[in-house]
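Read through the structure below, which is laid out as structure tokens, and then see the notes.
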Amino acid sequence: MTAEQRPSARGGHPAGVQQPRTVRTADGESVAYATYGDPEGTPVVVLHGTPGSRRLGALFDRAARTHGVRVLAPDRPGYGRSSPWPGRSVADAAAFVTPVLDDADVDAARLAGFSGGGPYALSTAATRPDRVDGVDVIAGATPPTVGGDAPAVQRLIATLATRAPRVLGGLLRGQAWCAERLDPSFVVGQYTASNATDPVPDRVAETVRADFLEAFAHGRSGAVTEFRTTSTDWGVDIAAIETDVDLWYGTADTNVPFDHARGLERAIPTAELHALDGADHLRTLVRSVPEVLTAGR
């Protein structure tokens, strides 16, 4: 039994988990990705949050099968089974997205970036427009020049990533240790608002926990790198993006304030903002999945 096939700590298999494939970048680094949904469907690349992994794709699996979508979900460098790439920046996104498209025999695909995956979806669209059919940014991180200051906790994490990366790495190791031993609510609480009334479904909570644990399965460099690079200049001209960009943001998201979403819409000429009333960070993802999978089709 492989690690991907092993039952979760609370019993059973995480929904939609697939054995990953590994491809190589032009520089020889490994990138792992999993496939969910309809194997013969329209391709959509799902880019996980920070931290995260290919296992986030399981949240798209049921709807993808219903709507005839083939989800390609990679581990970004330094997460899960993908090689670390400490010197990378947001502008390097296409270097690990395009090998996945090549391996899957896909000329161009729509990209869906959740949270910390949003910058990488936008970067790929800006730098390799020939490989991108459209972009969905779901509760995505915004450039530091858009929307104002980040929440205090995120500013602290970015400072640690820049000035004390080993300290941040130790904190993340501790979080992973707790996540492995505690109820999924330990992880889910990082993405939900404390005053939310609707419960998070068990299958969603289990997937979020599995996604978080896989992010740190072989190290913490991916998260440390991204907490640093997304808090500074991305080096990407998002105003030059020509493909359509749909922005899905919750009005009750405390991780990414809604004002930041408005700023991002103003910064991208092709963007259209969709407000999910009362949705926090995780519920924005859950509620937007069906519409994301039918966007642009």
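Chain lettering (A, B, ...) mirrors the order of the structure tokens, residue numbering begins at 1 for each chain separately, and ligand numbering begins at 1 in order of display.
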Subject >> Surrounding residues of Ala95 in chain A excluding itself and chain neighbours under 4 positions, 8 Å, only C-alpha atoms, as an MDAnalysis selection string >> reply: chainID A and resid 25:26 99
Only all heavy atoms, please: the residues just picked out, written as a PDB file, in the first residue's frame.
```pdb
ATOM      1  N   THR A  25      11.056  19.562 -14.465  1.00  0.00           N
ATOM      2  CA  THR A  25      11.125  20.894 -15.057  1.00  0.00           C
ATOM      3  C   THR A  25      12.310  20.946 -16.015  1.00  0.00           C
ATOM      4  O   THR A  25      13.102  20.001 -16.103  1.00  0.00           O
ATOM      5  CB  THR A  25      11.309  21.968 -13.977  1.00  0.00           C
ATOM      6  OG1 THR A  25      12.616  21.815 -13.393  1.00  0.00           O
ATOM      7  CG2 THR A  25      10.248  21.848 -12.896  1.00  0.00           C
ATOM      8  N   ALA A  26      12.456  22.066 -16.712  1.00  0.00           N
ATOM      9  CA  ALA A  26      13.577  22.222 -17.636  1.00  0.00           C
ATOM     10  C   ALA A  26      14.917  22.134 -16.918  1.00  0.00           C
ATOM     11  O   ALA A  26      15.933  21.744 -17.510  1.00  0.00           O
ATOM     12  CB  ALA A  26      13.464  23.556 -18.375  1.00  0.00           C
ATOM     13  N   PRO A  99       5.296  21.930 -17.301  1.00  0.00           N
ATOM     14  CA  PRO A  99       5.635  20.498 -17.394  1.00  0.00           C
ATOM     15  C   PRO A  99       4.451  19.591 -17.053  1.00  0.00           C
ATOM     16  O   PRO A  99       4.332  18.487 -17.603  1.00  0.00           O
ATOM     17  CB  PRO A  99       6.768  20.335 -16.375  1.00  0.00           C
ATOM     18  CG  PRO A  99       7.377  21.677 -16.249  1.00  0.00           C
ATOM     19  CD  PRO A  99       6.226  22.631 -16.388  1.00  0.00           C
TER      20      PRO A  99
END
```
Could you pull out all residues of range 18-250 of chain A with a DSSP call of strand (DSSP E or B) and give them as a ChimeraX atom specification?
-> /A:21-24,30-37,42-47,69-74,109-114,132-138,245-250
Please produce a file of those selected residues containing C-alpha atoms, as an mmCIF file, in the first residue's frame.
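Result file is selection-v7.cif:
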```cif
data_model
loop_
_atom_site.group_PDB
_atom_site.id
_atom_site.type_symbol
_atom_site.label_atom_id
_atom_site.label_comp_id
_atom_site.auth_asym_id
_atom_site.auth_seq_id
_atom_site.Cartn_x
_atom_site.Cartn_y
_atom_site.Cartn_z
ATOM 1 C CA ARG A 21 2.716 11.321 -11.265
ATOM 2 C CA THR A 22 6.125 12.985 -11.222
ATOM 3 C CA VAL A 23 7.460 15.164 -14.044
ATOM 4 C CA ARG A 24 10.644 17.204 -14.493
ATOM 5 C CA SER A 30 10.672 17.094 -9.862
ATOM 6 C CA VAL A 31 7.033 18.193 -9.762
ATOM 7 C CA ALA A 32 4.347 15.799 -8.526
ATOM 8 C CA TYR A 33 0.713 16.091 -9.538
ATOM 9 C CA ALA A 34 -2.497 14.136 -9.103
ATOM 10 C CA THR A 35 -5.539 13.875 -11.359
ATOM 11 C CA TYR A 36 -9.130 14.106 -10.140
ATOM 12 C CA GLY A 37 -12.560 14.228 -11.754
ATOM 13 C CA THR A 42 -11.878 19.491 -19.968
ATOM 14 C CA PRO A 43 -8.592 20.207 -18.145
ATOM 15 C CA VAL A 44 -8.407 22.598 -15.192
ATOM 16 C CA VAL A 45 -5.211 23.078 -13.176
ATOM 17 C CA VAL A 46 -5.891 23.555 -9.445
ATOM 18 C CA LEU A 47 -3.164 25.357 -7.494
ATOM 19 C CA VAL A 69 -13.716 18.288 -15.879
ATOM 20 C CA ARG A 70 -10.273 16.754 -15.542
ATOM 21 C CA VAL A 71 -8.502 18.335 -12.571
ATOM 22 C CA LEU A 72 -4.694 18.458 -12.590
ATOM 23 C CA ALA A 73 -3.435 19.282 -9.095
ATOM 24 C CA PRO A 74 0.332 19.762 -8.663
ATOM 25 C CA ALA A 109 -6.007 24.878 -19.606
ATOM 26 C CA ARG A 110 -7.952 27.057 -17.242
ATOM 27 C CA LEU A 111 -6.134 27.689 -13.944
ATOM 28 C CA ALA A 112 -7.825 27.832 -10.535
ATOM 29 C CA GLY A 113 -5.662 29.184 -7.717
ATOM 30 C CA PHE A 114 -6.898 29.037 -4.130
ATOM 31 C CA VAL A 132 -3.784 29.455 -20.242
ATOM 32 C CA ASP A 133 -7.459 29.545 -21.282
ATOM 33 C CA GLY A 134 -8.629 31.543 -18.282
ATOM 34 C CA VAL A 135 -8.046 32.057 -14.573
ATOM 35 C CA ASP A 136 -10.128 31.645 -11.445
ATOM 36 C CA VAL A 137 -8.675 33.215 -8.296
ATOM 37 C CA ILE A 138 -10.429 31.836 -5.214
ATOM 38 C CA VAL A 245 -9.984 36.346 -14.863
ATOM 39 C CA ASP A 246 -12.785 35.498 -12.452
ATOM 40 C CA LEU A 247 -12.228 36.532 -8.837
ATOM 41 C CA TRP A 248 -14.148 34.620 -6.167
ATOM 42 C CA TYR A 249 -13.948 36.271 -2.734
ATOM 43 C CA GLY A 250 -15.976 35.952 0.448
#
```
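Between Val208 in chain A and the candidates A:Val100, A:Ala150, A:Val289, A:Leu282, the tightest atom-to-atom separation, counting only C-alpha atoms, involves A:Leu282.
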| query | Distance CA of Val292 in chain A-CA of Asp75 in chain A, one decimal place? | reply |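 It comes out at 20.1 Å.
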Residue contacts of range 231-241 of chain A (6 Å, only C-alpha atoms) excluding same-chain residues fewer than 2 positions away, as a list in words
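Using only C-alpha atoms, the neighbours found are Val90, Ala91, Ala126, Pro144, Arg228, Thr229, Thr243, Ala267 and Ile268 of chain A.
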